[in-house]
file structure39.tsv (TSV, C-alpha atoms and all ligand atoms)
chain	number	residue	atom	x	y	z
A	1	MET	CA	45.31	-29.46	-38.71
A	2	THR	CA	43.77	-28.66	-35.33
A	3	ALA	CA	44.45	-31.13	-32.58
A	4	LYS	CA	41.53	-33.31	-31.56
A	5	PHE	CA	40.42	-33.41	-27.96
A	6	ALA	CA	39.01	-36.56	-26.41
A	7	PRO	CA	37.35	-35.63	-23.10
A	8	THR	CA	38.46	-37.71	-20.12
A	9	ASP	CA	37.31	-38.00	-16.54
A	10	GLY	CA	39.32	-34.89	-15.65
A	11	ASP	CA	37.53	-32.68	-18.18
A	12	VAL	CA	34.38	-30.64	-17.72
A	13	LEU	CA	32.16	-28.86	-20.22
A	14	LEU	CA	31.06	-25.47	-18.85
A	15	VAL	CA	27.84	-24.42	-20.59
A	16	VAL	CA	27.30	-20.70	-20.08
A	17	ASP	CA	23.87	-19.06	-19.77
A	18	ILE	CA	21.68	-20.95	-22.26
A	19	GLN	CA	18.65	-19.01	-21.04
A	20	ASN	CA	15.54	-17.67	-22.76
A	21	ASP	CA	16.49	-14.02	-22.24
A	22	PHE	CA	19.76	-14.46	-24.15
A	23	CYS	CA	18.05	-15.96	-27.19
A	24	PRO	CA	16.00	-14.26	-29.93
A	25	ASP	CA	12.79	-12.79	-28.45
A	26	GLY	CA	14.51	-12.64	-25.07
A	27	ALA	CA	15.12	-9.46	-23.09
A	28	LEU	CA	18.86	-9.39	-23.85
A	29	ALA	CA	18.97	-11.42	-27.02
A	30	VAL	CA	22.34	-12.51	-28.32
A	31	PRO	CA	22.03	-12.53	-32.13
A	32	ARG	CA	21.46	-16.15	-33.24
A	33	GLY	CA	21.94	-17.28	-29.66
A	34	ASP	CA	19.41	-20.06	-30.16
A	35	GLU	CA	21.68	-21.67	-32.77
A	36	VAL	CA	24.05	-22.91	-30.10
A	37	VAL	CA	21.45	-25.03	-28.31
A	38	PRO	CA	21.61	-28.10	-30.58
A	39	ILE	CA	25.40	-27.71	-30.81
A	40	VAL	CA	25.78	-27.59	-27.04
A	41	ASN	CA	23.44	-30.58	-26.69
A	42	ARG	CA	25.67	-32.58	-29.03
A	43	LEU	CA	28.75	-31.47	-27.14
A	44	GLY	CA	27.22	-32.36	-23.81
A	45	ALA	CA	26.85	-35.96	-24.95
A	46	ARG	CA	30.63	-36.15	-25.45
A	47	PHE	CA	31.48	-35.13	-21.87
A	48	ARG	CA	31.04	-37.20	-18.73
A	49	HIS	CA	31.02	-34.02	-16.64
A	50	VAL	CA	29.01	-30.91	-17.44
A	51	VAL	CA	28.38	-27.75	-15.38
A	52	LEU	CA	25.72	-25.21	-16.38
A	53	THR	CA	25.71	-21.54	-15.42
A	54	GLN	CA	22.57	-19.45	-15.02
A	55	ASP	CA	22.45	-15.65	-14.86
A	56	TRP	CA	20.12	-15.01	-11.92
A	57	HIS	CA	19.37	-11.42	-10.93
A	58	PRO	CA	17.05	-10.02	-8.27
A	59	PRO	CA	14.60	-7.31	-9.42
A	60	GLY	CA	16.26	-3.89	-9.46
A	61	HIS	CA	19.72	-5.34	-10.10
A	62	GLN	CA	22.53	-2.80	-10.40
A	63	SER	CA	23.36	-3.95	-13.95
A	64	PHE	CA	19.90	-2.94	-15.21
A	65	ALA	CA	19.63	0.46	-16.92
A	66	SER	CA	16.18	0.75	-15.31
A	67	SER	CA	17.87	0.89	-11.89
A	68	HIS	CA	19.62	4.17	-12.85
A	69	PRO	CA	17.32	7.13	-13.56
A	70	GLY	CA	18.16	8.79	-16.87
A	71	LYS	CA	20.28	5.89	-18.14
A	72	LYS	CA	19.50	3.58	-21.02
A	73	PRO	CA	20.70	0.12	-22.00
A	74	TYR	CA	24.36	-0.04	-23.15
A	75	ASP	CA	25.29	3.17	-21.33
A	76	VAL	CA	28.39	2.66	-19.20
A	77	ILE	CA	28.60	3.85	-15.61
A	78	GLU	CA	31.38	3.82	-13.04
A	79	ILE	CA	30.60	1.97	-9.82
A	80	ALA	CA	32.63	0.72	-6.87
A	81	TYR	CA	34.30	-2.10	-8.82
A	82	GLY	CA	34.86	-0.22	-12.08
A	83	SER	CA	32.98	0.27	-15.35
A	84	GLN	CA	29.62	-1.40	-15.74
A	85	ILE	CA	27.67	-1.66	-18.98
A	86	LEU	CA	23.99	-1.21	-18.29
A	87	TRP	CA	21.72	-3.88	-19.73
A	88	PRO	CA	18.00	-4.22	-20.34
A	89	ASN	CA	16.29	-6.00	-17.44
A	90	HIS	CA	17.08	-9.68	-17.96
A	91	CYS	CA	17.24	-13.05	-16.21
A	92	VAL	CA	15.19	-11.96	-13.23
A	93	GLN	CA	15.03	-14.76	-10.67
A	94	GLY	CA	12.10	-17.10	-11.18
A	95	THR	CA	10.96	-15.62	-14.48
A	96	ARG	CA	10.52	-17.40	-17.79
A	97	GLY	CA	13.39	-15.31	-19.20
A	98	ALA	CA	15.77	-16.64	-16.58
A	99	ALA	CA	14.84	-20.26	-17.28
A	100	PHE	CA	17.06	-22.49	-19.37
A	101	ARG	CA	15.88	-23.00	-22.93
A	102	ASP	CA	13.33	-25.78	-23.15
A	103	ASP	CA	15.39	-27.44	-25.87
A	104	LEU	CA	18.58	-27.52	-23.78
A	105	ALA	CA	19.01	-31.23	-23.25
A	106	ILE	CA	21.96	-32.15	-21.03
A	107	PRO	CA	20.23	-34.16	-18.31
A	108	HIS	CA	23.51	-35.50	-16.91
A	109	ALA	CA	24.80	-31.99	-16.01
A	110	GLU	CA	26.08	-32.26	-12.45
A	111	LEU	CA	25.95	-28.67	-11.19
A	112	ILE	CA	24.16	-25.41	-11.92
A	113	ILE	CA	26.10	-22.32	-10.86
A	114	ARG	CA	23.89	-19.29	-10.42
A	115	LYS	CA	25.57	-15.90	-10.65
A	116	GLY	CA	24.68	-12.24	-10.40
A	117	TYR	CA	22.27	-12.78	-7.50
A	118	ARG	CA	23.77	-10.00	-5.38
A	119	ARG	CA	21.89	-6.81	-6.14
A	120	GLU	CA	25.01	-4.64	-6.08
A	121	ILE	CA	27.37	-6.76	-8.23
A	122	ASP	CA	27.08	-8.06	-11.76
A	123	SER	CA	28.68	-11.37	-12.66
A	124	TYR	CA	29.87	-12.30	-16.12
A	125	SER	CA	32.35	-14.97	-15.10
A	126	ALA	CA	31.37	-18.39	-13.80
A	127	PHE	CA	34.21	-18.03	-11.27
A	128	PHE	CA	34.14	-14.46	-9.92
A	129	GLU	CA	31.59	-11.71	-9.76
A	130	ASN	CA	32.52	-8.50	-11.53
A	131	ASP	CA	34.42	-7.11	-8.55
A	132	HIS	CA	36.91	-9.87	-9.48
A	133	LYS	CA	37.14	-11.03	-5.87
A	134	THR	CA	33.75	-12.45	-4.84
A	135	PRO	CA	33.97	-16.14	-5.77
A	136	THR	CA	31.04	-18.18	-7.06
A	137	GLY	CA	32.49	-21.36	-5.56
A	138	LEU	CA	33.09	-23.02	-8.93
A	139	ALA	CA	36.89	-23.16	-8.60
A	140	GLY	CA	36.63	-25.00	-5.28
A	141	TYR	CA	34.05	-27.38	-6.72
A	142	LEU	CA	36.21	-28.24	-9.73
A	143	ARG	CA	39.27	-28.78	-7.53
A	144	GLU	CA	37.41	-31.06	-5.13
A	145	ARG	CA	36.12	-33.03	-8.10
A	146	ALA	CA	39.62	-33.19	-9.67
A	147	LEU	CA	38.27	-31.58	-12.84
A	148	SER	CA	41.33	-29.85	-14.23
A	149	ARG	CA	40.47	-28.89	-17.80
A	150	VAL	CA	37.52	-26.66	-18.61
A	151	PHE	CA	35.90	-26.52	-22.07
A	152	VAL	CA	33.74	-23.42	-22.36
A	153	ALA	CA	30.70	-22.92	-24.64
A	154	GLY	CA	27.55	-20.80	-24.59
A	155	LEU	CA	26.42	-17.16	-24.39
A	156	ALA	CA	27.73	-14.67	-24.87
A	157	PHE	CA	31.15	-15.31	-26.41
A	158	ASP	CA	32.44	-11.80	-25.67
A	159	PHE	CA	31.13	-11.51	-22.10
A	160	CYS	CA	30.35	-14.49	-19.91
A	161	VAL	CA	32.32	-17.01	-22.00
A	162	ARG	CA	35.28	-14.68	-22.25
A	163	TYR	CA	35.47	-13.86	-18.53
A	164	SER	CA	34.86	-17.45	-17.53
A	165	ALA	CA	37.73	-18.63	-19.74
A	166	GLU	CA	40.04	-15.92	-18.45
A	167	ASP	CA	39.25	-16.67	-14.81
A	168	ALA	CA	39.55	-20.43	-15.30
A	169	ARG	CA	43.05	-19.80	-16.60
A	170	GLY	CA	43.75	-17.44	-13.69
A	171	HIS	CA	42.81	-20.25	-11.29
A	172	GLY	CA	45.32	-22.53	-12.97
A	173	PHE	CA	42.90	-24.73	-14.89
A	174	ALA	CA	43.59	-25.71	-18.47
A	175	VAL	CA	41.00	-23.98	-20.66
A	176	VAL	CA	39.64	-24.51	-24.16
A	177	VAL	CA	36.95	-22.38	-25.86
A	178	ILE	CA	34.64	-24.02	-28.40
A	179	GLU	CA	33.83	-21.03	-30.56
A	180	ASP	CA	31.18	-22.44	-32.88
A	181	ALA	CA	29.23	-23.37	-29.74
A	182	CYS	CA	29.17	-19.67	-28.73
A	183	ARG	CA	27.53	-16.53	-30.10
A	184	GLY	CA	28.55	-12.94	-29.29
A	185	ILE	CA	26.75	-9.70	-28.49
A	186	ASP	CA	29.53	-7.51	-29.99
A	187	VAL	CA	29.38	-4.21	-28.10
A	188	ASP	CA	32.03	-1.82	-29.50
A	189	GLY	CA	34.23	-4.50	-31.01
A	190	SER	CA	34.03	-6.85	-28.05
A	191	VAL	CA	34.07	-10.00	-30.20
A	192	ALA	CA	37.38	-9.05	-31.83
A	193	ALA	CA	38.78	-8.02	-28.44
A	194	THR	CA	37.82	-11.41	-27.04
A	195	ARG	CA	39.58	-13.26	-29.87
A	196	ARG	CA	42.71	-11.17	-29.24
A	197	LEU	CA	42.60	-11.81	-25.51
A	198	LEU	CA	42.21	-15.57	-25.94
A	199	ALA	CA	45.13	-15.58	-28.39
A	200	ASP	CA	47.27	-13.54	-25.97
A	201	LEU	CA	46.47	-16.00	-23.17
A	202	ARG	CA	47.20	-18.90	-25.53
A	203	ILE	CA	43.80	-20.37	-24.78
A	204	PRO	CA	42.97	-22.79	-27.60
A	205	VAL	CA	39.88	-21.82	-29.59
A	206	ILE	CA	38.50	-24.89	-31.29
A	207	ALA	CA	35.38	-26.17	-33.06
A	208	THR	CA	32.82	-28.73	-31.92
A	209	ASP	CA	34.15	-31.21	-34.48
A	210	ASP	CA	37.53	-31.11	-32.73
A	211	ILE	CA	35.94	-32.84	-29.74
A	212	VAL	CA	35.91	-36.57	-30.28
A	213	VAL	CA	34.67	-39.37	-28.08
A	214	ALA	CA	37.55	-41.10	-26.32
A	301	ZN	ZN	23.09	-10.54	-16.30

call {"tool": "encode", "arguments": {"input": "structure39.tsv", "output": "structure tokens", "more": "lines below"}}
Ligand SMILES: [Zn+2]
result
Amino acid sequence: MTAKFAPTDGDVLLVVDIQNDFCPDGALAVPRGDEVVPIVNRLGARFRHVVLTQDWHPPGHQSFASSHPGKKPYDVIEIAYGSQILWPNHCVQGTRGAAFRDDLAIPHAELIIRKGYRREIDSYSAFFENDHKTPTGLAGYLRERALSRVFVAGLAFDFCVRYSAEDARGHGFAVVVIEDACRGIDVDGSVAATRRLLADLRIPVIATDDIVVA
């Protein structure tokens, strides 16, 4: 039987990128991404503290295939900080696609972390941009707030959720991933790779029903 988790005042739910562009009909749709919205809403009600992330790119962002003549979405290029998958244009600042889903309902969320707003760097993780050294400020925020255990849910399981969980662990926070509250993109086996990585890091992967009200 999986252990049950009863969120306390030291726990935070990190809700990753529940934005129009990552849902069906969006520019970078995660298959069945919209299914997590009601699940995440239910989860949010069980946590006193919730942080939302929002992918937030300027036009012409380096992660867009359209910024690289001759390239197409899902091509991989090498740039200063390593390999970068090229994506369709998505989550452009101020657009409808970058907005949170209208049905996301976690009014008590305390912070929105925007990421990927530097033209030259992509950002999957809620903690570091993809150069793995430019911080978003979230680690400092959580420490100042004495939030020591991070429960991660949202989109996409194999990118922004994965890197956020890994970096939370790297910062010394306890981490739990709520997998049924995530959906994956699955580029070249990336969902299976994410499950292996989380297992290697001994990051618990649980279900929404394992979260109970204290
Ligand atoms: Zn992005």

call {"tool": "closest_atom_pairs", "arguments": {"input": "structure39.tsv", "of": "chain A", "to": "ligand ZN 301 (chain A)", "cutoff": "10 Å", "atoms": "all atoms listed in the file", "output": "CSV"}}
result
residue,atom,partner,partner_atom,distance
A:Asp17,CA,A:ZN301,ZN,9.2
A:Asp21,CA,A:ZN301,ZN,9.5
A:Phe22,CA,A:ZN301,ZN,9.4
A:Leu28,CA,A:ZN301,ZN,8.7
A:Gln54,CA,A:ZN301,ZN,9.0
A:Asp55,CA,A:ZN301,ZN,5.3
A:Trp56,CA,A:ZN301,ZN,6.9
A:His57,CA,A:ZN301,ZN,6.6
A:His61,CA,A:ZN301,ZN,8.8
A:Gln62,CA,A:ZN301,ZN,9.7
A:Ser63,CA,A:ZN301,ZN,7.0
A:Phe64,CA,A:ZN301,ZN,8.3
A:Leu86,CA,A:ZN301,ZN,9.6
A:Trp87,CA,A:ZN301,ZN,7.6
A:Pro88,CA,A:ZN301,ZN,9.1
A:Asn89,CA,A:ZN301,ZN,8.3
A:His90,CA,A:ZN301,ZN,6.3
A:Cys91,CA,A:ZN301,ZN,6.4
A:Val92,CA,A:ZN301,ZN,8.6
A:Ala98,CA,A:ZN301,ZN,9.5
A:Lys115,CA,A:ZN301,ZN,8.2
A:Gly116,CA,A:ZN301,ZN,6.3
A:Tyr117,CA,A:ZN301,ZN,9.1
A:Ile121,CA,A:ZN301,ZN,9.9
A:Asp122,CA,A:ZN301,ZN,6.5
A:Ser123,CA,A:ZN301,ZN,6.7
A:Tyr124,CA,A:ZN301,ZN,7.0
A:Phe159,CA,A:ZN301,ZN,10.0
A:Cys160,CA,A:ZN301,ZN,9.0

call {"tool": "write_last_selection", "arguments": {"input": "structure39.tsv", "atoms": "C-alpha atoms", "output": "compact mmCIF listing (two decimals), in the coordinates of the input"}}
result
# COMPACT_ATOMS: atom_id res chain seq x y z
CA ASP A 17 23.87 -19.06 -19.77
CA ASP A 21 16.49 -14.02 -22.24
CA PHE A 22 19.76 -14.46 -24.15
CA LEU A 28 18.86 -9.39 -23.85
CA GLN A 54 22.57 -19.45 -15.02
CA ASP A 55 22.45 -15.65 -14.86
CA TRP A 56 20.12 -15.01 -11.92
CA HIS A 57 19.37 -11.42 -10.93
CA HIS A 61 19.72 -5.34 -10.10
CA GLN A 62 22.53 -2.80 -10.40
CA SER A 63 23.36 -3.95 -13.95
CA PHE A 64 19.90 -2.94 -15.21
CA LEU A 86 23.99 -1.21 -18.29
CA TRP A 87 21.72 -3.88 -19.73
CA PRO A 88 18.00 -4.22 -20.34
CA ASN A 89 16.29 -6.00 -17.44
CA HIS A 90 17.08 -9.68 -17.96
CA CYS A 91 17.24 -13.05 -16.21
CA VAL A 92 15.19 -11.96 -13.23
CA ALA A 98 15.77 -16.64 -16.58
CA LYS A 115 25.57 -15.90 -10.65
CA GLY A 116 24.68 -12.24 -10.40
CA TYR A 117 22.27 -12.78 -7.50
CA ILE A 121 27.37 -6.76 -8.23
CA ASP A 122 27.08 -8.06 -11.76
CA SER A 123 28.68 -11.37 -12.66
CA TYR A 124 29.87 -12.30 -16.12
CA PHE A 159 31.13 -11.51 -22.10
CA CYS A 160 30.35 -14.49 -19.91

call {"tool": "closest_residue", "arguments": {"input": "structure39.tsv", "among": "A:Val51, A:Ile85, A:His68, A:Ala80", "to": "Ala139 of chain A", "atoms": "all atoms listed in the file"}}
result
A:Val51

call {"tool": "closest_residue", "arguments": {"input": "structure39.tsv", "among": "A:Ala27, A:Ala192, A:Ala3, A:Val15", "to": "Ala153 of chain A", "atoms": "only C-alpha atoms"}}
result
A:Val15

call {"tool": "residues_around", "arguments": {"input": "structure39.tsv", "residues": "Arg143 of chain A", "least_positions_apart": "2", "cutoff": "12 Å", "atoms": "all atoms listed in the file", "output": "VMD selection string"}}
result
chain A and resid 10 to 12 137 to 141 145 to 150 168 171 to 173

call {"tool": "residues_around", "arguments": {"input": "structure39.tsv", "residues": "Leu155 of chain A", "least_positions_apart": "5", "cutoff": "8 Å", "atoms": "only C-alpha atoms", "output": "list in words"}}
result
Val16, Asp17, Ile18, Phe22, Val30, Gly33, Cys160, Val161, Cys182, Arg183 and Gly184 of chain A

call {"tool": "write_last_selection", "arguments": {"input": "structure39.tsv", "atoms": "C-alpha atoms", "output": "PDB file, in the frame of the given file"}}
result
ATOM      1  CA  VAL A  16      27.300 -20.700 -20.080  1.00  0.00           C
ATOM      2  CA  ASP A  17      23.870 -19.060 -19.770  1.00  0.00           C
ATOM      3  CA  ILE A  18      21.680 -20.950 -22.260  1.00  0.00           C
ATOM      4  CA  PHE A  22      19.760 -14.460 -24.150  1.00  0.00           C
ATOM      5  CA  VAL A  30      22.340 -12.510 -28.320  1.00  0.00           C
ATOM      6  CA  GLY A  33      21.940 -17.280 -29.660  1.00  0.00           C
ATOM      7  CA  CYS A 160      30.350 -14.490 -19.910  1.00  0.00           C
ATOM      8  CA  VAL A 161      32.320 -17.010 -22.000  1.00  0.00           C
ATOM      9  CA  CYS A 182      29.170 -19.670 -28.730  1.00  0.00           C
ATOM     10  CA  ARG A 183      27.530 -16.530 -30.100  1.00  0.00           C
ATOM     11  CA  GLY A 184      28.550 -12.940 -29.290  1.00  0.00           C
TER      12      GLY A 184
END

call {"tool": "atom_distance", "arguments": {"input": "structure39.tsv", "atom1": "atom CA of Ser83 of chain A", "atom2": "atom CA of Cys23 of chain A"}}
result
25.0 Å

call {"tool": "closest_atom_pairs", "arguments": {"input": "structure39.tsv", "of": "segment 125-194 of chain A", "to": "segment 70-76 of chain A", "cutoff": "12 Å", "atoms": "only C-alpha atoms", "output": "CSV"}}
result
residue,atom,partner,partner_atom,distance
A:Ile185,CA,A:Tyr74,CA,11.3
A:Asp186,CA,A:Tyr74,CA,11.4
A:Val187,CA,A:Tyr74,CA,8.2
A:Asp188,CA,A:Tyr74,CA,10.1

call {"tool": "closest_residue", "arguments": {"input": "structure39.tsv", "among": "A:Tyr81, A:Val40, A:Ala99, A:Pro7", "to": "Asn20 of chain A", "atoms": "all atoms listed in the file"}}
result
A:Ala99

call {"tool": "atom_distance", "arguments": {"input": "structure39.tsv", "atom1": "atom CA of Asp167 of chain A", "atom2": "atom CA of Thr8 of chain A"}}
result
21.7 Å

call {"tool": "residues_around", "arguments": {"input": "structure39.tsv", "residues": "Leu104 of chain A", "least_positions_apart": "4", "cutoff": "9 Å", "atoms": "all atoms listed in the file", "output": "list of chain:residue names"}}
result
A:Ile18, A:Gln19, A:Val37, A:Pro38, A:Val40, A:Asn41, A:Phe100

call {"tool": "decode", "arguments": {"input": "structure39.tsv", "residues": "segment 191-202 of chain A", "atoms": "all heavy atoms", "output": "compact mmCIF listing (two decimals), in the first residue's frame"}}
result
# COMPACT_ATOMS: atom_id res chain seq x y z
N VAL A 191 8.95 9.92 -21.65
CA VAL A 191 8.14 9.58 -20.47
C VAL A 191 8.79 8.44 -19.69
O VAL A 191 8.95 8.51 -18.47
CB VAL A 191 6.69 9.23 -20.90
CG1 VAL A 191 5.95 8.53 -19.77
CG2 VAL A 191 5.94 10.51 -21.30
N ALA A 192 9.21 7.40 -20.41
CA ALA A 192 9.88 6.27 -19.74
C ALA A 192 11.17 6.74 -19.08
O ALA A 192 11.50 6.33 -17.96
CB ALA A 192 10.15 5.16 -20.74
N ALA A 193 11.91 7.60 -19.76
CA ALA A 193 13.17 8.11 -19.20
C ALA A 193 12.91 8.89 -17.91
O ALA A 193 13.68 8.81 -16.95
CB ALA A 193 13.89 8.99 -20.22
N THR A 194 11.80 9.62 -17.89
CA THR A 194 11.46 10.39 -16.69
C THR A 194 11.13 9.45 -15.54
O THR A 194 11.58 9.66 -14.40
CB THR A 194 10.27 11.32 -16.99
OG1 THR A 194 10.68 12.25 -18.00
CG2 THR A 194 9.81 12.06 -15.76
N ARG A 195 10.37 8.40 -15.82
CA ARG A 195 10.04 7.45 -14.74
C ARG A 195 11.31 6.81 -14.18
O ARG A 195 11.45 6.65 -12.96
CB ARG A 195 9.09 6.36 -15.26
CG ARG A 195 7.71 6.89 -15.57
CD ARG A 195 6.66 5.78 -15.50
NE ARG A 195 5.36 6.35 -15.86
CZ ARG A 195 4.79 6.21 -17.07
NH1 ARG A 195 5.37 5.48 -18.01
NH2 ARG A 195 3.63 6.77 -17.32
N ARG A 196 12.25 6.48 -15.08
CA ARG A 196 13.51 5.88 -14.61
C ARG A 196 14.28 6.87 -13.75
O ARG A 196 14.82 6.52 -12.70
CB ARG A 196 14.38 5.47 -15.80
CG ARG A 196 13.98 4.15 -16.44
CD ARG A 196 15.09 3.60 -17.33
NE ARG A 196 15.49 4.54 -18.38
CZ ARG A 196 14.85 4.62 -19.57
NH1 ARG A 196 13.81 3.84 -19.84
NH2 ARG A 196 15.25 5.50 -20.48
N LEU A 197 14.36 8.12 -14.20
CA LEU A 197 15.12 9.12 -13.46
C LEU A 197 14.53 9.33 -12.07
O LEU A 197 15.26 9.38 -11.07
CB LEU A 197 15.10 10.45 -14.23
CG LEU A 197 15.77 11.56 -13.45
CD1 LEU A 197 17.21 11.76 -13.92
CD2 LEU A 197 15.00 12.87 -13.54
N LEU A 198 13.20 9.44 -11.99
CA LEU A 198 12.56 9.66 -10.69
C LEU A 198 12.83 8.47 -9.77
O LEU A 198 13.07 8.64 -8.57
CB LEU A 198 11.06 9.91 -10.86
CG LEU A 198 10.70 11.18 -11.64
CD1 LEU A 198 9.19 11.24 -11.89
CD2 LEU A 198 11.16 12.44 -10.93
N ALA A 199 12.80 7.26 -10.34
CA ALA A 199 13.09 6.07 -9.53
C ALA A 199 14.54 6.10 -9.05
O ALA A 199 14.83 5.83 -7.88
CB ALA A 199 12.81 4.81 -10.34
N ASP A 200 15.46 6.46 -9.95
CA ASP A 200 16.88 6.52 -9.58
C ASP A 200 17.11 7.53 -8.46
O ASP A 200 17.96 7.34 -7.59
CB ASP A 200 17.74 6.91 -10.78
CG ASP A 200 17.86 5.78 -11.80
OD1 ASP A 200 17.46 4.65 -11.46
OD2 ASP A 200 18.33 6.04 -12.92
N LEU A 201 16.38 8.63 -8.51
CA LEU A 201 16.54 9.69 -7.50
C LEU A 201 15.73 9.37 -6.24
O LEU A 201 15.73 10.15 -5.29
CB LEU A 201 16.11 11.05 -8.06
CG LEU A 201 16.97 11.63 -9.18
CD1 LEU A 201 16.34 12.92 -9.71
CD2 LEU A 201 18.39 11.91 -8.69
N ARG A 202 15.01 8.27 -6.27
CA ARG A 202 14.13 7.88 -5.16
C ARG A 202 13.13 8.98 -4.82
O ARG A 202 12.84 9.26 -3.65
CB ARG A 202 14.95 7.49 -3.92
CG ARG A 202 15.84 6.29 -4.20
CD ARG A 202 16.56 5.80 -2.95
NE ARG A 202 17.61 4.86 -3.28
CZ ARG A 202 17.41 3.60 -3.69
NH1 ARG A 202 16.19 3.14 -3.78
NH2 ARG A 202 18.42 2.82 -3.99
